[in-house]
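Undergrad: Input: one structure, supplied below.
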Amino acid sequence: LFHIGAAPARYVLGVDVGSTVVKCHVYDRAAAVRGSSYRKVESLYPCPGRVELDPEVLWSQFVGVIKEAVQDAGAHMRQIAGLGISTQRATFITWHKRTGKPFHNFISWQDLRSAELVNSWNKSLLLKVIHVIFTVLHFLTGNDRYLAPSFLTFSTQQTSMKLSWVFKNILEVKAAKKNNCCFGTVDTWLLYRLTKGSVYATDYSNASATGIFEPFTKCWNPTLCNLLSIPMSVFPPVKDTSFNFGSTDSEIFGVPIPIMAVVADQQSAMFGECCFHPGDVKLTMGTGGFWNVNTGEHLCASRRGLYPLIGWKIGEEVVYLTEGCMSDIGTAIKWAQDISLFTNVDETAKMAQSIVDSQGVCFVPGFQVSVNDPCLSASFMGLKPSTTRNHLVRAILESVAFRYCLLYYLLSEMLAITDGGVSNNSFVMQMTSDLINKKIEKPANADMSSLGAAFLAGLASGFWTDKEQLKKLRQIEAVFEPQKDTEEYRPAMDTWLQAMKRSLHW
């Protein structure tokens with residue numbers, strides 16, 4: 001029987017709500033993009049160190065890109081088999097459970113308002129005592145769950161400390177915190193809005209990136225919440241990543257669209273890259289820089305700035321990742337563009353390649369991997385009268401490659417790593433390939449987070465059958481293989497490491 005007005009499901013939607021752009025792609029069964037739409041995310045900076053997003057503006061952008069992309073594809077909403085949503089991680093909001101009204105703007109993962117709280121906790125005697133207890137438990141039991149648990153490694157990027165700050169400083173939240181307050185990362189809030197309050201949930205990938213959800217036990221951590229005075233009642237249920245979350249309210253897009261996946265952006269990019277096997281690696285250069293390694297069923301404890309995450313959960317399958325992060329790559333690149341070091345980001349690789357070296361100029365971005373120093377200052381060092389814009393741009397890109405190299409060596413000490421990777425800058429990718437002596441593949445589709453969300457939604461809706469089919473759809477644009485000996489970079493890297501040390505504790 002055919003229903004009047006019915007249309008066959010021909011497409012899946014992949015929406016990526018990133019830190020700088022909200023984008024939607026319409027994919028056909030060959031994973032080819034049939035329509036797209038982009039809108040710039042406007043971050044708010046109410047005072048130094050604070051980064052926020054207006055929830056209503058973000059909602060309008062989210063709905064807008066979906067409508068525009070479907071129109072761009074010449075498709076109808078009835079032809080959409082499913083919607084997959086990838087979101088920036090650890091950015092969160094709280095709202096009143098009954099009215100749905102937000103208590104404040106989204107607080108971004110880049111926000112530093114919890115820096116003082118993080119520093120005081122990391123230096124506290126209580127935390128040291130707890131670390132000793134867990135060390136003893138690990139010695140007695142041999143269980144890696146007790147080896148440097150992730151919830152006791154605090155950083156300003158984690159949601160936990162900023163949520164604690166919210167409950168201490170925002171009066172409306174304090175008044176409503178008992179059973180009337182909802183907490184949600186971007187995915188949870190979008191689900192809530194798309195279903196007009198009927199669905200309140202998150203997935204394992206997003207939950208594990210908050211620093212409040214324990215990947216070992218797969219539940220919100222009551223010990224941490226007790227320490228930080230966060231009520232357990234505020235957290236949403238955690239569902240599979242590829243899962244039928246319900247449908248959008250028909251008033252939003254004219255017809256209900258099945259929401260078949262929600263996933264954190266880095267994990268989504270990992271899935272889009274088809275990094276399905278232990279040892280597979282994804283390398284991302286976006287607003288932040290990330291190394292992600294698939295560790296399969298094995299969950300590695302937090303060590304030296306590396307931390308475990310849940311990649312995705314599909315039915316009984318739970319895939320774990322180990323991640324290293326550099327938080328401000330995109331910010332550094334945007335700053336360089338804002339001060340007119342270059343006009344278009346695409347120019348940077350050619351500018352760097354137009355000179356032999358940076359002439360001793362070093363750039364230290366304000367991020368760290370193995371050093372826990374929120375006071376690390378971004379800086380240029382080694383400037384000379386002969387320094388040009390090309391030298392400055394090359395120094396910035398070299399700093400990214402050097403950081404990738406440090407992350408790689410940290411990861412390779414713990415894990416067996418195979419080839420892999422994704423990025424848009426050919427200079428950085430070639431230099432990274434040289435430094436780590438590994439092959440790096442660049443996919444034809446750079447929007448891996450959107451594609452990963454679409455893949456997950458497609459699997460849940462039956463649009464695609466299995467991962468083997470997805471692997472056949474993967475297309476490679478370029479392969480970067482080592483061309484120089486690592487030792488050729490040794491003097492420049494040693495100079496850069498010295499520059500980084502001088503930027504500490506600024």
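Residues in the structure tokens are named by chain (A, B, ... in the order shown) and by number from 1 within that chain; ligands are numbered from 1 in the order shown.
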Kindly assemble as CSV a list of the stretch 441-480 of chain A residues that lie within 10 Å of stretch 17-39 of chain A, each paired with its nearest atom pair and their distance in Å to one decimal, using only C-alpha atoms, sorted first by chain and then by ascending residue number.

TA:
residue,atom,partner,partner_atom,distance
A:Asn445,CA,A:Val33,CA,9.0
A:Asp447,CA,A:His25,CA,9.0
A:Ser449,CA,A:Gly18,CA,8.9
A:Ser450,CA,A:His25,CA,6.8
A:Leu451,CA,A:Ala31,CA,7.9
A:Ala454,CA,A:Tyr27,CA,7.5
A:Phe455,CA,A:Ala31,CA,8.4
A:Gly458,CA,A:Arg29,CA,9.0
A:Phe463,CA,A:Arg29,CA,7.3
A:Trp464,CA,A:Arg29,CA,7.4
A:Gln469,CA,A:Ala30,CA,9.8
A:Leu470,CA,A:Ala31,CA,8.5
A:Lys472,CA,A:Ala30,CA,9.3
A:Leu473,CA,A:Ala30,CA,6.3
A:Arg474,CA,A:Ala31,CA,8.4
A:Gln475,CA,A:Ala31,CA,9.8

Undergrad: Could you give me the residues within stretch 148-298 of chain A that DSSP places in strand (DSSP E or B), as a PyMOL selection string?

TA: chain A and resi 181-185+202-203+213-214+219-220+238-239+242+247+258-264+281-285+289-296

Undergrad: Between A:Ser379, A:Ser433, A:Thr387, A:Asn244, which has the minimum distance to A:Ser461 (counting only C-alpha atoms)?

TA: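 Among the listed residues, A:Asn244 lies closest to A:Ser461.
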
Undergrad: Would you mind telling me which residue in A:Ile85, A:Ile333, A:Ile107, A:Met326 lies nearest to A:Thr188 when using only C-alpha atoms?

TA: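 Distance minimum relative to A:Thr188 lands on A:Ile85.
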